[in-house]
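Listing of target.tsv, TSV, C-alpha atoms
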```tsv
chain	number	residue	atom	x	y	z
D	9	MET	CA	214.61	166.60	139.55
D	10	TYR	CA	212.35	166.96	142.57
D	11	TYR	CA	208.65	166.21	142.94
D	12	LEU	CA	206.46	168.38	145.15
D	13	GLY	CA	203.10	167.41	146.54
D	14	ILE	CA	201.25	170.40	147.96
D	15	ASP	CA	198.19	169.97	150.18
D	16	VAL	CA	196.51	173.38	149.96
D	17	HIS	CA	194.41	175.01	152.66
D	18	LYS	CA	192.93	178.47	153.04
D	19	ARG	CA	195.90	180.13	154.72
D	20	ASP	CA	198.77	177.65	154.46
D	21	SER	CA	199.88	174.52	152.65
D	22	TYR	CA	201.73	171.34	153.61
D	23	ILE	CA	204.50	170.41	151.18
D	24	ALA	CA	206.25	167.07	150.68
D	25	VAL	CA	209.32	166.97	148.42
D	26	LEU	CA	210.65	163.73	146.88
D	27	ASP	CA	213.85	163.13	144.95
D	28	ASN	CA	214.25	160.98	141.83
D	29	ASP	CA	214.35	157.82	143.96
D	30	GLY	CA	211.13	158.69	145.77
D	31	LYS	CA	212.89	159.55	149.01
D	32	VAL	CA	211.40	162.36	151.09
D	33	VAL	CA	213.93	165.20	151.23
D	34	GLU	CA	211.75	167.81	152.90
D	35	GLU	CA	208.38	168.18	154.55
D	36	VAL	CA	207.24	171.62	155.60
D	37	ARG	CA	204.14	173.73	156.26
D	38	VAL	CA	204.27	177.10	154.49
D	39	ALA	CA	201.98	180.13	154.59
D	40	ASN	CA	200.37	180.54	151.18
D	41	ALA	CA	201.76	184.06	151.00
D	42	ASN	CA	205.29	182.56	151.10
D	43	LEU	CA	204.80	179.73	148.58
D	44	ASP	CA	206.87	181.59	146.00
D	45	ASP	CA	209.95	181.15	148.21
D	46	ILE	CA	209.82	177.35	148.13
D	47	ALA	CA	208.84	177.43	144.46
D	48	LYS	CA	212.02	179.40	143.71
D	49	GLU	CA	214.08	176.96	145.82
D	50	TYR	CA	212.90	174.00	143.71
D	51	ALA	CA	212.56	175.88	140.42
D	52	GLY	CA	212.22	173.57	137.42
D	53	SER	CA	210.84	170.69	139.49
D	54	LYS	CA	207.46	169.02	139.01
D	55	ALA	CA	204.62	169.73	141.42
D	56	ALA	CA	201.00	168.78	142.01
D	57	ILE	CA	198.20	170.49	143.91
D	58	GLU	CA	194.55	169.60	144.31
D	59	ALA	CA	191.70	171.66	142.87
D	60	THR	CA	190.37	173.64	145.82
D	61	SER	CA	188.32	176.83	146.10
D	62	ASN	CA	191.42	179.04	146.14
D	63	TYR	CA	193.74	177.14	143.83
D	64	TYR	CA	193.88	179.69	140.97
D	65	THR	CA	196.09	182.16	142.86
D	66	ILE	CA	198.31	179.41	144.23
D	67	TYR	CA	198.61	177.80	140.80
D	68	ASP	CA	199.66	181.12	139.25
D	69	THR	CA	202.29	181.61	141.97
D	70	LEU	CA	203.78	178.13	141.55
D	71	ASP	CA	203.53	178.08	137.77
D	72	LYS	CA	206.13	180.84	137.48
D	73	TYR	CA	208.83	178.48	138.76
D	74	LEU	CA	207.51	174.89	138.72
D	75	ASP	CA	205.98	172.45	136.25
D	76	VAL	CA	202.75	172.31	138.21
D	77	VAL	CA	199.56	170.36	137.52
D	78	VAL	CA	196.22	170.50	139.30
D	79	ALA	CA	194.96	167.09	140.38
D	80	ASP	CA	191.32	166.10	140.05
D	81	PRO	CA	190.53	165.44	143.73
D	82	TYR	CA	188.01	162.66	143.11
D	83	GLN	CA	190.12	160.63	140.71
D	84	THR	CA	193.34	161.21	142.65
D	85	LYS	CA	191.82	160.05	145.92
D	86	ALA	CA	190.44	156.98	144.17
D	87	ILE	CA	194.00	156.05	143.20
D	88	GLY	CA	195.52	156.65	146.62
D	89	ILE	CA	193.07	155.22	149.12
D	90	ALA	CA	194.32	155.43	152.69
D	91	GLU	CA	192.61	154.55	155.95
D	92	VAL	CA	194.35	157.45	157.71
D	93	LYS	CA	194.12	160.88	156.09
D	94	ASN	CA	196.07	163.98	157.09
D	95	ASP	CA	197.94	166.84	155.45
D	96	ARG	CA	201.28	165.04	155.54
D	97	LEU	CA	199.97	161.89	153.88
D	98	ASP	CA	197.94	163.83	151.30
D	99	ALA	CA	200.98	165.91	150.29
D	100	LYS	CA	203.20	162.83	150.09
D	101	LEU	CA	200.60	160.99	147.99
D	102	LEU	CA	200.43	163.89	145.54
D	103	ALA	CA	204.22	163.92	145.24
D	104	GLN	CA	204.33	160.14	144.69
D	105	LEU	CA	201.61	160.28	142.03
D	106	ARG	CA	203.38	163.19	140.30
D	107	ARG	CA	206.61	161.23	140.25
D	108	ALA	CA	204.83	158.17	138.85
D	109	GLY	CA	203.00	160.19	136.20
D	110	MET	CA	199.63	159.07	137.57
D	111	ILE	CA	198.00	162.46	138.25
D	112	ALA	CA	194.49	162.82	136.84
D	113	GLU	CA	194.75	166.48	135.82
D	114	SER	CA	192.09	169.15	136.17
D	115	TYR	CA	191.75	171.87	133.54
D	116	VAL	CA	193.16	175.26	134.55
D	117	PRO	CA	191.43	177.98	132.49
D	118	PRO	CA	193.23	181.17	131.45
D	119	GLU	CA	192.48	184.42	133.26
D	120	GLU	CA	189.83	185.72	130.83
D	121	ILE	CA	187.79	182.54	131.13
D	122	ARG	CA	188.12	182.59	134.93
D	123	GLU	CA	186.65	186.11	134.88
D	124	ARG	CA	183.71	184.99	132.73
D	125	ARG	CA	183.08	182.05	135.04
D	126	ALA	CA	183.07	184.34	138.07
D	127	LEU	CA	180.62	186.66	136.31
D	128	VAL	CA	178.02	184.05	135.33
D	129	ARG	CA	178.39	182.06	138.54
D	130	GLY	CA	177.93	185.25	140.52
D	131	ARG	CA	174.71	186.03	138.68
D	132	LYS	CA	173.43	182.51	139.31
D	133	ARG	CA	174.14	182.77	143.04
D	134	LEU	CA	172.30	186.10	143.25
D	135	VAL	CA	169.26	184.57	141.54
D	136	GLU	CA	169.39	181.62	143.93
D	137	LYS	CA	169.49	183.98	146.92
D	138	ARG	CA	166.51	185.91	145.53
D	139	THR	CA	164.60	182.64	145.14
D	140	ASP	CA	165.36	181.82	148.78
D	141	PHE	CA	163.76	185.06	149.93
D	142	LYS	CA	160.78	184.57	147.63
D	143	ASN	CA	160.28	181.20	149.28
D	144	GLU	CA	160.38	182.94	152.66
D	145	VAL	CA	157.48	185.16	151.56
D	146	HIS	CA	155.51	182.10	150.47
D	147	ALA	CA	156.29	180.46	153.82
D	148	VAL	CA	154.92	183.43	155.80
D	149	LEU	CA	151.72	183.43	153.74
D	150	ASP	CA	151.33	179.68	154.20
D	151	HIS	CA	152.01	179.98	157.94
D	152	HIS	CA	149.14	182.45	158.27
D	153	GLY	CA	146.78	180.30	156.21
D	154	VAL	CA	146.58	182.74	153.30
D	155	GLU	CA	145.24	181.07	150.15
D	156	TYR	CA	146.20	182.92	146.99
D	157	SER	CA	146.36	182.45	143.24
D	158	TRP	CA	148.01	185.83	142.59
D	159	ASP	CA	151.74	186.43	142.28
D	160	PRO	CA	153.01	188.03	145.52
D	161	PHE	CA	155.85	189.68	143.61
D	162	SER	CA	153.84	191.30	140.84
D	163	GLU	CA	152.57	194.86	141.10
D	164	GLU	CA	149.06	193.59	141.87
D	165	GLY	CA	150.39	191.10	144.41
D	166	ARG	CA	152.37	193.74	146.27
D	167	GLU	CA	149.31	195.95	146.51
D	168	ILE	CA	147.42	193.06	148.10
D	169	LEU	CA	150.29	192.37	150.50
D	170	ALA	CA	150.40	196.02	151.53
D	171	GLY	CA	146.62	196.15	152.10
D	172	GLU	CA	144.74	195.52	155.34
D	173	ASP	CA	142.66	192.58	154.10
D	174	LEU	CA	145.32	189.95	154.87
D	175	SER	CA	145.52	188.67	158.45
D	176	LEU	CA	149.30	188.55	158.78
D	177	GLY	CA	149.79	190.17	162.17
D	178	LEU	CA	152.57	192.61	163.01
D	179	VAL	CA	155.38	190.02	162.80
D	180	GLY	CA	154.19	188.44	159.55
D	181	ARG	CA	153.75	191.81	157.86
D	182	SER	CA	157.16	193.03	159.09
D	183	LEU	CA	158.87	189.88	157.81
D	184	ILE	CA	157.25	190.17	154.39
D	185	GLU	CA	158.25	193.83	154.11
D	186	SER	CA	161.85	192.93	155.00
D	187	PHE	CA	161.95	190.00	152.57
D	188	LEU	CA	160.52	192.13	149.74
D	189	ALA	CA	163.14	194.81	150.39
D	190	VAL	CA	165.91	192.23	150.08
D	191	ILE	CA	164.31	190.83	146.91
D	192	ASP	CA	164.21	194.31	145.38
D	193	GLU	CA	167.87	194.92	146.21
D	194	LEU	CA	168.89	191.55	144.78
D	195	THR	CA	166.87	192.26	141.64
D	196	ALA	CA	168.71	195.56	141.19
D	197	GLN	CA	172.06	193.79	141.56
D	198	ILE	CA	171.01	191.05	139.13
D	199	ASP	CA	169.95	193.66	136.57
D	200	ALA	CA	173.31	195.42	136.93
D	201	ILE	CA	175.33	192.23	136.50
D	202	GLU	CA	173.17	191.17	133.54
D	203	ASP	CA	174.17	194.38	131.75
D	204	VAL	CA	177.83	193.37	132.16
D	205	ILE	CA	177.03	189.84	130.98
D	206	GLU	CA	175.23	191.12	127.89
D	207	ASP	CA	178.12	193.41	126.96
D	208	CYS	CA	180.61	190.57	127.45
D	209	ALA	CA	178.60	188.03	125.44
D	210	ALA	CA	178.00	190.52	122.64
D	211	SER	CA	181.75	191.00	122.24
D	212	LEU	CA	182.61	187.31	121.79
D	213	GLU	CA	182.30	185.36	118.55
D	214	GLU	CA	181.63	182.03	120.28
D	215	THR	CA	178.72	183.35	122.31
D	216	GLN	CA	177.22	185.01	119.25
D	217	LEU	CA	177.34	181.63	117.50
D	218	LEU	CA	175.54	179.93	120.39
D	219	MET	CA	172.84	182.58	120.45
D	220	THR	CA	171.68	181.32	117.04
D	221	ILE	CA	170.33	178.28	118.93
D	222	PRO	CA	166.66	178.69	119.91
D	223	GLY	CA	166.46	179.22	123.66
D	224	VAL	CA	170.09	180.31	124.19
D	225	SER	CA	170.48	183.84	125.58
D	226	PHE	CA	173.36	186.17	126.39
D	227	TYR	CA	173.60	184.65	129.85
D	228	SER	CA	173.34	180.99	128.89
D	229	SER	CA	175.78	181.35	125.99
D	230	LEU	CA	178.37	182.99	128.24
D	231	LEU	CA	177.85	180.41	130.99
D	232	ILE	CA	178.25	177.50	128.56
D	233	THR	CA	181.41	178.84	126.93
D	234	ALA	CA	182.93	179.88	130.28
D	235	GLU	CA	182.34	176.47	131.85
D	236	LEU	CA	183.61	174.61	128.77
D	237	GLY	CA	186.73	176.74	128.48
D	238	GLU	CA	188.89	176.46	125.37
D	239	ILE	CA	186.99	174.17	123.03
D	240	ASP	CA	190.09	173.03	121.12
D	241	ARG	CA	191.23	171.04	124.18
D	242	PHE	CA	188.55	168.46	123.27
D	243	ASP	CA	189.30	166.10	120.38
D	244	ARG	CA	185.83	164.55	120.11
D	245	ASP	CA	182.27	165.33	121.10
D	246	THR	CA	182.31	162.35	123.47
D	247	GLN	CA	185.05	164.07	125.46
D	248	VAL	CA	183.02	167.24	125.93
D	249	VAL	CA	179.97	165.19	126.94
D	250	SER	CA	182.08	163.36	129.52
D	251	TYR	CA	183.55	166.64	130.77
D	252	ALA	CA	180.02	167.96	131.37
D	253	GLY	CA	179.07	164.79	133.27
D	254	LEU	CA	176.27	164.01	130.81
D	255	ASP	CA	177.75	160.66	129.78
D	256	PRO	CA	175.92	157.54	131.01
D	257	VAL	CA	177.57	155.37	133.66
D	258	VAL	CA	178.37	152.02	132.03
D	259	ARG	CA	178.59	148.82	134.07
D	260	GLU	CA	180.09	145.72	132.50
D	261	SER	CA	180.19	142.25	134.00
D	262	GLY	CA	181.06	139.23	131.92
D	263	ASP	CA	179.00	139.43	128.73
D	264	SER	CA	176.49	141.91	130.13
D	265	ARG	CA	176.62	145.68	129.65
D	266	THR	CA	174.17	148.13	131.21
D	267	GLU	CA	173.92	151.91	131.13
D	268	GLY	CA	172.75	153.74	134.23
D	269	GLY	CA	172.23	157.42	134.98
D	270	ILE	CA	174.63	160.16	133.96
D	271	SER	CA	178.03	160.40	135.66
D	272	LYS	CA	177.48	163.98	136.96
D	273	ARG	CA	181.19	164.70	136.81
D	274	GLY	CA	182.39	168.19	136.05
D	275	SER	CA	180.49	171.45	136.32
D	276	ARG	CA	177.04	171.29	137.91
D	277	ASP	CA	176.31	174.76	136.52
D	278	LEU	CA	177.09	173.58	132.98
D	279	ARG	CA	174.68	170.64	133.25
D	280	TRP	CA	172.03	172.87	134.78
D	281	ILE	CA	172.15	175.49	132.02
D	282	LEU	CA	172.17	172.88	129.23
D	283	VAL	CA	169.01	171.30	130.68
D	284	GLN	CA	167.42	174.75	131.00
D	285	CYS	CA	168.27	175.57	127.38
D	286	ALA	CA	166.96	172.20	126.19
D	287	ASN	CA	163.67	172.80	128.01
D	288	VAL	CA	163.27	176.24	126.44
D	289	ALA	CA	164.20	175.00	122.96
D	290	VAL	CA	161.72	172.13	123.15
D	291	HIS	CA	158.78	173.62	125.04
D	292	ARG	CA	158.89	177.34	124.23
D	293	CYS	CA	160.77	177.74	120.96
D	294	ASN	CA	159.48	174.51	119.38
D	295	ASP	CA	162.88	173.79	117.85
D	296	PRO	CA	162.18	170.96	115.36
D	297	TYR	CA	165.59	169.25	115.68
D	298	LEU	CA	165.69	168.98	119.46
D	299	GLY	CA	161.90	168.80	119.69
D	300	ARG	CA	161.66	165.68	117.52
D	301	PHE	CA	164.46	164.03	119.48
D	302	TYR	CA	162.79	164.83	122.81
D	303	ALA	CA	159.34	163.67	121.64
D	304	ARG	CA	160.72	160.37	120.37
D	305	LEU	CA	162.39	159.66	123.73
D	306	LYS	CA	159.44	160.91	125.75
D	307	ARG	CA	157.25	158.20	124.24
D	308	ARG	CA	159.49	155.57	125.87
D	309	LYS	CA	161.05	157.37	128.85
D	310	ASN	CA	159.98	159.91	131.45
D	311	HIS	CA	160.49	163.66	131.02
D	312	GLN	CA	163.67	163.86	133.12
D	313	ILE	CA	165.49	161.16	131.16
D	314	ALA	CA	164.31	162.62	127.85
D	315	ILE	CA	165.31	166.21	128.64
D	316	VAL	CA	168.76	165.23	129.95
D	317	ALA	CA	169.37	163.24	126.77
D	318	THR	CA	168.21	166.28	124.78
D	319	ALA	CA	170.66	168.46	126.73
D	320	ARG	CA	173.41	166.01	125.79
D	321	LYS	CA	172.42	166.24	122.12
D	322	LEU	CA	172.40	170.03	122.39
D	323	LEU	CA	175.93	169.94	123.83
D	324	VAL	CA	177.14	167.82	120.90
D	325	SER	CA	175.72	170.44	118.52
D	326	ILE	CA	177.42	173.19	120.53
D	327	TYR	CA	180.75	171.36	120.32
D	328	HIS	CA	180.57	171.13	116.53
D	329	MET	CA	179.39	174.72	116.19
D	330	LEU	CA	182.33	176.01	118.19
D	331	THR	CA	184.98	173.80	116.57
D	332	ARG	CA	183.71	174.56	113.06
D	333	GLU	CA	182.79	178.19	113.84
D	334	GLU	CA	179.31	177.67	112.40
D	335	VAL	CA	175.86	178.92	113.34
D	336	TYR	CA	173.12	176.54	114.45
D	337	ASP	CA	171.96	174.58	111.42
D	338	PRO	CA	171.13	170.99	112.41
D	339	PRO	CA	170.17	168.33	109.83
D	340	GLY	CA	166.76	168.96	108.28
D	341	VAL	CA	166.39	172.40	109.88
D	342	SER	CA	167.17	175.71	108.26
D	343	ALA	CA	169.01	178.19	110.47
```
How does this structure look as structure tokens?
Amino acid sequence: MYYLGIDVHKRDSYIAVLDNDGKVVEEVRVANANLDDIAKEYAGSKAAIEATSNYYTIYDTLDKYLDVVVADPYQTKAIGIAEVKNDRLDAKLLAQLRRAGMIAESYVPPEEIRERRALVRGRKRLVEKRTDFKNEVHAVLDHHGVEYSWDPFSEEGREILAGEDLSLGLVGRSLIESFLAVIDELTAQIDAIEDVIEDCAASLEETQLLMTIPGVSFYSSLLITAELGEIDRFDRDTQVVSYAGLDPVVRESGDSRTEGGISKRGSRDLRWILVQCANVAVHRCNDPYLGRFYARLKRRKNHQIAIVATARKLLVSIYHMLTREEVYDPPGVSA
């Protein structure tokens, strides 16, 4: 049996190979396009790679021949602290941890879930880019001392921007016209991708279940299920809360125990959408279950703490809905 530690980069990877006794038998840098050759050479061996931006393709290549796991980079580096860091040492550390059975594994979703993640994450990035350009329009107006209570992006607002009453100058007016053109193009792309998202969410039983929750849409239901992945990999609701990074950080010293802020591990997009859904459920949909919980906390805590706790409670409900294949029907509330 051999143990491979693979330090992955964009175009190539550094590989350290250990034998059963932990002795280094090979160290080599390989182009990622040729990784299947070394995987075939050590077929049946155990390997470890870190979760990087391009690890899906590399994982699929290696998984055909090796027993490969993806290491959580934060937890793995916490185990193997070194003052000097380079590709050779990182690869060797991964191989040593794989041999010792001390790899903190990251979840590798199947292809269909990867595609859903790419879809919803892509939509989110487009919206973020559009927001950036909207902020640029606001910045130009502020720079020219324009005071306004109207929406620059509404039909009325655009008519005002196109008029001659605003003192924007040639440069300011040209910039706003360019920014609005980009905003319009991004909006068209967002609309197109939202049609794909709606079709995808409408075809899945789990997203249809989540859409029975007040404030959960096609987009948010698909984002939540894509980021969670296969729900049966969680044994308890506390595990899914921890995976989302919504669990409180606990500090214990002697007989004292204190809870701080949330851990913020896992998917930032998942935490973001859960907080968004909690806000909508509480403040727009007036959901009695989540609303009562939020109001009770808000009397003692600030809004941010209360809404994050409400998002955590929402996630627990989502976990039970998905594992039991039930619609939203919390205690004391009729679905």
So how far away is CA of Glu123 in chain D from CA of Asp255 in chain D, in Å?
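One can read the CA of Asp255 in chain D to CA of Glu123 in chain D distance as 27.4 Å.
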Neighbouring residues of Ala108 in chain D were defined as those with any atom within 10 Å, considering all atoms listed in the file; residues of the same chain fewer than 6 positions away were excluded. Please report them as a ChimeraX atom specification.
/D:11,30,102
Residues from the last selection, C-alpha atoms, saved as an mmCIF file, in the frame of the given file:
```
data_model
loop_
_atom_site.group_PDB
_atom_site.id
_atom_site.type_symbol
_atom_site.label_atom_id
_atom_site.label_comp_id
_atom_site.auth_asym_id
_atom_site.auth_seq_id
_atom_site.Cartn_x
_atom_site.Cartn_y
_atom_site.Cartn_z
ATOM 1 C CA TYR D 11 208.650 166.210 142.940
ATOM 2 C CA GLY D 30 211.130 158.690 145.770
ATOM 3 C CA LEU D 102 200.430 163.890 145.540
#
```
Just checking: using only C-alpha atoms, which residue out of D:Asp245, D:Asp140, D:Glu172, D:Asp295 ends up closest to Val324 in chain D?
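Closest to Val324 in chain D, using only C-alpha atoms: D:Asp245.
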Point (166.9, 189.8, 142.3), cut-off 9 Å, counting all atoms listed in the file, residues as a ChimeraX atom specification:
/D:134-139,190-199
Keeping C-alpha atoms for every residue in the selection just given, could you write it to a file as a PDB file, keeping the file's coordinate frame?
```pdb
ATOM      1  CA  LEU D 134     172.300 186.100 143.250  1.00  0.00           C
ATOM      2  CA  VAL D 135     169.260 184.570 141.540  1.00  0.00           C
ATOM      3  CA  GLU D 136     169.390 181.620 143.930  1.00  0.00           C
ATOM      4  CA  LYS D 137     169.490 183.980 146.920  1.00  0.00           C
ATOM      5  CA  ARG D 138     166.510 185.910 145.530  1.00  0.00           C
ATOM      6  CA  THR D 139     164.600 182.640 145.140  1.00  0.00           C
ATOM      7  CA  VAL D 190     165.910 192.230 150.080  1.00  0.00           C
ATOM      8  CA  ILE D 191     164.310 190.830 146.910  1.00  0.00           C
ATOM      9  CA  ASP D 192     164.210 194.310 145.380  1.00  0.00           C
ATOM     10  CA  GLU D 193     167.870 194.920 146.210  1.00  0.00           C
ATOM     11  CA  LEU D 194     168.890 191.550 144.780  1.00  0.00           C
ATOM     12  CA  THR D 195     166.870 192.260 141.640  1.00  0.00           C
ATOM     13  CA  ALA D 196     168.710 195.560 141.190  1.00  0.00           C
ATOM     14  CA  GLN D 197     172.060 193.790 141.560  1.00  0.00           C
ATOM     15  CA  ILE D 198     171.010 191.050 139.130  1.00  0.00           C
ATOM     16  CA  ASP D 199     169.950 193.660 136.570  1.00  0.00           C
TER      17      ASP D 199
END
```
Asp95 in chain D proximity check over D:Ala41, D:Val16, D:Val78, D:Val224, using all atoms listed in the file: winner is D:Val16
Find the residues around Leu183 in chain D up to 12 Å (all atoms listed in the file counted), leave out those fewer than 3 positions away in its own chain, and share them as JSON, numbers by chain.
{"D": [141, 142, 144, 145, 146, 147, 148, 149, 169, 176, 177, 178, 179, 180, 186, 187, 188, 189, 190]}
Preceding selection exported with C-alpha atoms as a JSON list (two decimals), keeping the file's coordinate frame:
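Written out: selection-v3.json:
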```
[["chain", "number", "residue", "atom", "x", "y", "z"],
["D", 141, "PHE", "CA", 163.76, 185.06, 149.93],
["D", 142, "LYS", "CA", 160.78, 184.57, 147.63],
["D", 144, "GLU", "CA", 160.38, 182.94, 152.66],
["D", 145, "VAL", "CA", 157.48, 185.16, 151.56],
["D", 146, "HIS", "CA", 155.51, 182.10, 150.47],
["D", 147, "ALA", "CA", 156.29, 180.46, 153.82],
["D", 148, "VAL", "CA", 154.92, 183.43, 155.80],
["D", 149, "LEU", "CA", 151.72, 183.43, 153.74],
["D", 169, "LEU", "CA", 150.29, 192.37, 150.50],
["D", 176, "LEU", "CA", 149.30, 188.55, 158.78],
["D", 177, "GLY", "CA", 149.79, 190.17, 162.17],
["D", 178, "LEU", "CA", 152.57, 192.61, 163.01],
["D", 179, "VAL", "CA", 155.38, 190.02, 162.80],
["D", 180, "GLY", "CA", 154.19, 188.44, 159.55],
["D", 186, "SER", "CA", 161.85, 192.93, 155.00],
["D", 187, "PHE", "CA", 161.95, 190.00, 152.57],
["D", 188, "LEU", "CA", 160.52, 192.13, 149.74],
["D", 189, "ALA", "CA", 163.14, 194.81, 150.39],
["D", 190, "VAL", "CA", 165.91, 192.23, 150.08]]
```
Find the spatial neighbours of Val128 in chain D, counting only C-alpha atoms, within a cut-off of 9 Å - ignore same-chain residues fewer than 6 positions away - and output them as a PyMOL selection string.
chain D and resi 201-202+205+227-228+230-231+234
Quick one: of D:Leu105, D:Leu236, D:Ala319, D:Ala51, who's nearest to Gly274 in chain D, counting all atoms listed in the file?
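Using all atoms listed in the file, Gly274 in chain D sits closest to D:Leu236.
Distances from D:Asp75, D:Glu206, D:Glu235, D:Glu58 to Ser21 in chain D were compared using all atoms listed in the file, and the smallest one belongs to D:Glu58.
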Residues within 10 Å of Lys321 in chain D, please, as a PyMOL selection string. Count all atoms listed in the file; anything in the same chain fewer than 5 positions from it doesn't count.
chain D and resi 245+249+254+282+286+297-298+301-302+315-316+326-327
With C-alpha atoms kept, could you save the residues just selected as a compact mmCIF listing (two decimals), in the frame of the given file?
```
# COMPACT_ATOMS: atom_id res chain seq x y z
CA ASP D 245 182.27 165.33 121.10
CA VAL D 249 179.97 165.19 126.94
CA LEU D 254 176.27 164.01 130.81
CA LEU D 282 172.17 172.88 129.23
CA ALA D 286 166.96 172.20 126.19
CA TYR D 297 165.59 169.25 115.68
CA LEU D 298 165.69 168.98 119.46
CA PHE D 301 164.46 164.03 119.48
CA TYR D 302 162.79 164.83 122.81
CA ILE D 315 165.31 166.21 128.64
CA VAL D 316 168.76 165.23 129.95
CA ILE D 326 177.42 173.19 120.53
CA TYR D 327 180.75 171.36 120.32
```
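One finds CA of Ile232 in chain D at 29.0 Å from CA of Arg308 in chain D.
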Would you compute the distance between CA of Glu214 in chain D and CA of Arg125 in chain D? Give it in Å to one decimal.
14.8 Å
D:Ala103, D:Cys293, D:Met219, D:Val335: which is nearest Val77 in chain D, counting only C-alpha atoms?
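Residue with the minimum atom-to-atom distance to Val77 in chain D: D:Ala103.
The closest residue to Ala24 in chain D, picked from D:Ala39, D:Ile66, D:Met9, D:Leu101 and counting all atoms listed in the file, is D:Leu101.
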Would you pick out the contacts of Arg300 in chain D at 10 Å or less, using only C-alpha atoms, so that residues sharing its chain but fewer than 5 positions from it are not included, and give the list as a PyMOL selection string?
chain D and resi 290+294-295+305-306+318
How big is the axis-aligned box, and where does its centre sit, when it encloses all atoms of range 47-53 of chain D listed in the file and has 8 Å added on every side, reported in Å to one decimal as AutoDock Vina command-line options?
```
--center_x 211.5 --center_y 175.0 --center_z 141.6 --size_x 21.2 --size_y 24.7 --size_z 24.4
```
Could you add the missing atoms to range 318-323 of chain D, up to all heavy atoms, and return them as a PDB file, in the coordinates of the input?
```pdb
ATOM      1  N   THR D 318     168.299 165.159 125.727  1.00  0.00           N
ATOM      2  CA  THR D 318     168.210 166.280 124.780  1.00  0.00           C
ATOM      3  C   THR D 318     169.293 167.311 125.073  1.00  0.00           C
ATOM      4  O   THR D 318     169.886 167.877 124.145  1.00  0.00           O
ATOM      5  CB  THR D 318     166.821 166.933 124.868  1.00  0.00           C
ATOM      6  OG1 THR D 318     165.815 165.937 124.647  1.00  0.00           O
ATOM      7  CG2 THR D 318     166.668 168.020 123.816  1.00  0.00           C
ATOM      8  N   ALA D 319     169.569 167.554 126.358  1.00  0.00           N
ATOM      9  CA  ALA D 319     170.660 168.460 126.730  1.00  0.00           C
ATOM     10  C   ALA D 319     171.992 167.930 126.221  1.00  0.00           C
ATOM     11  O   ALA D 319     172.851 168.701 125.773  1.00  0.00           O
ATOM     12  CB  ALA D 319     170.689 168.640 128.244  1.00  0.00           C
ATOM     13  N   ARG D 320     172.175 166.616 126.293  1.00  0.00           N
ATOM     14  CA  ARG D 320     173.410 166.010 125.790  1.00  0.00           C
ATOM     15  C   ARG D 320     173.509 166.208 124.270  1.00  0.00           C
ATOM     16  O   ARG D 320     174.581 166.530 123.754  1.00  0.00           O
ATOM     17  CB  ARG D 320     173.427 164.518 126.136  1.00  0.00           C
ATOM     18  CG  ARG D 320     174.684 163.797 125.655  1.00  0.00           C
ATOM     19  CD  ARG D 320     174.831 162.434 126.324  1.00  0.00           C
ATOM     20  NE  ARG D 320     173.695 161.563 126.091  1.00  0.00           N
ATOM     21  CZ  ARG D 320     172.913 161.081 127.061  1.00  0.00           C
ATOM     22  NH1 ARG D 320     173.137 161.387 128.325  1.00  0.00           N
ATOM     23  NH2 ARG D 320     171.900 160.279 126.767  1.00  0.00           N
ATOM     24  N   LYS D 321     172.415 166.034 123.575  1.00  0.00           N
ATOM     25  CA  LYS D 321     172.420 166.240 122.120  1.00  0.00           C
ATOM     26  C   LYS D 321     172.697 167.697 121.779  1.00  0.00           C
ATOM     27  O   LYS D 321     173.414 168.003 120.819  1.00  0.00           O
ATOM     28  CB  LYS D 321     171.068 165.808 121.535  1.00  0.00           C
ATOM     29  CG  LYS D 321     171.082 165.655 120.008  1.00  0.00           C
ATOM     30  CD  LYS D 321     169.811 165.004 119.520  1.00  0.00           C
ATOM     31  CE  LYS D 321     169.901 164.624 118.044  1.00  0.00           C
ATOM     32  NZ  LYS D 321     170.908 163.556 117.804  1.00  0.00           N
ATOM     33  N   LEU D 322     172.138 168.610 122.579  1.00  0.00           N
ATOM     34  CA  LEU D 322     172.400 170.030 122.390  1.00  0.00           C
ATOM     35  C   LEU D 322     173.888 170.320 122.575  1.00  0.00           C
ATOM     36  O   LEU D 322     174.482 171.077 121.796  1.00  0.00           O
ATOM     37  CB  LEU D 322     171.579 170.843 123.392  1.00  0.00           C
ATOM     38  CG  LEU D 322     171.887 172.339 123.489  1.00  0.00           C
ATOM     39  CD1 LEU D 322     171.649 173.039 122.152  1.00  0.00           C
ATOM     40  CD2 LEU D 322     171.049 172.985 124.593  1.00  0.00           C
ATOM     41  N   LEU D 323     174.511 169.718 123.585  1.00  0.00           N
ATOM     42  CA  LEU D 323     175.930 169.940 123.830  1.00  0.00           C
ATOM     43  C   LEU D 323     176.784 169.445 122.665  1.00  0.00           C
ATOM     44  O   LEU D 323     177.769 170.085 122.294  1.00  0.00           O
ATOM     45  CB  LEU D 323     176.354 169.241 125.130  1.00  0.00           C
ATOM     46  CG  LEU D 323     177.836 169.355 125.504  1.00  0.00           C
ATOM     47  CD1 LEU D 323     178.281 170.804 125.599  1.00  0.00           C
ATOM     48  CD2 LEU D 323     178.105 168.621 126.814  1.00  0.00           C
TER      49      LEU D 323
END
```
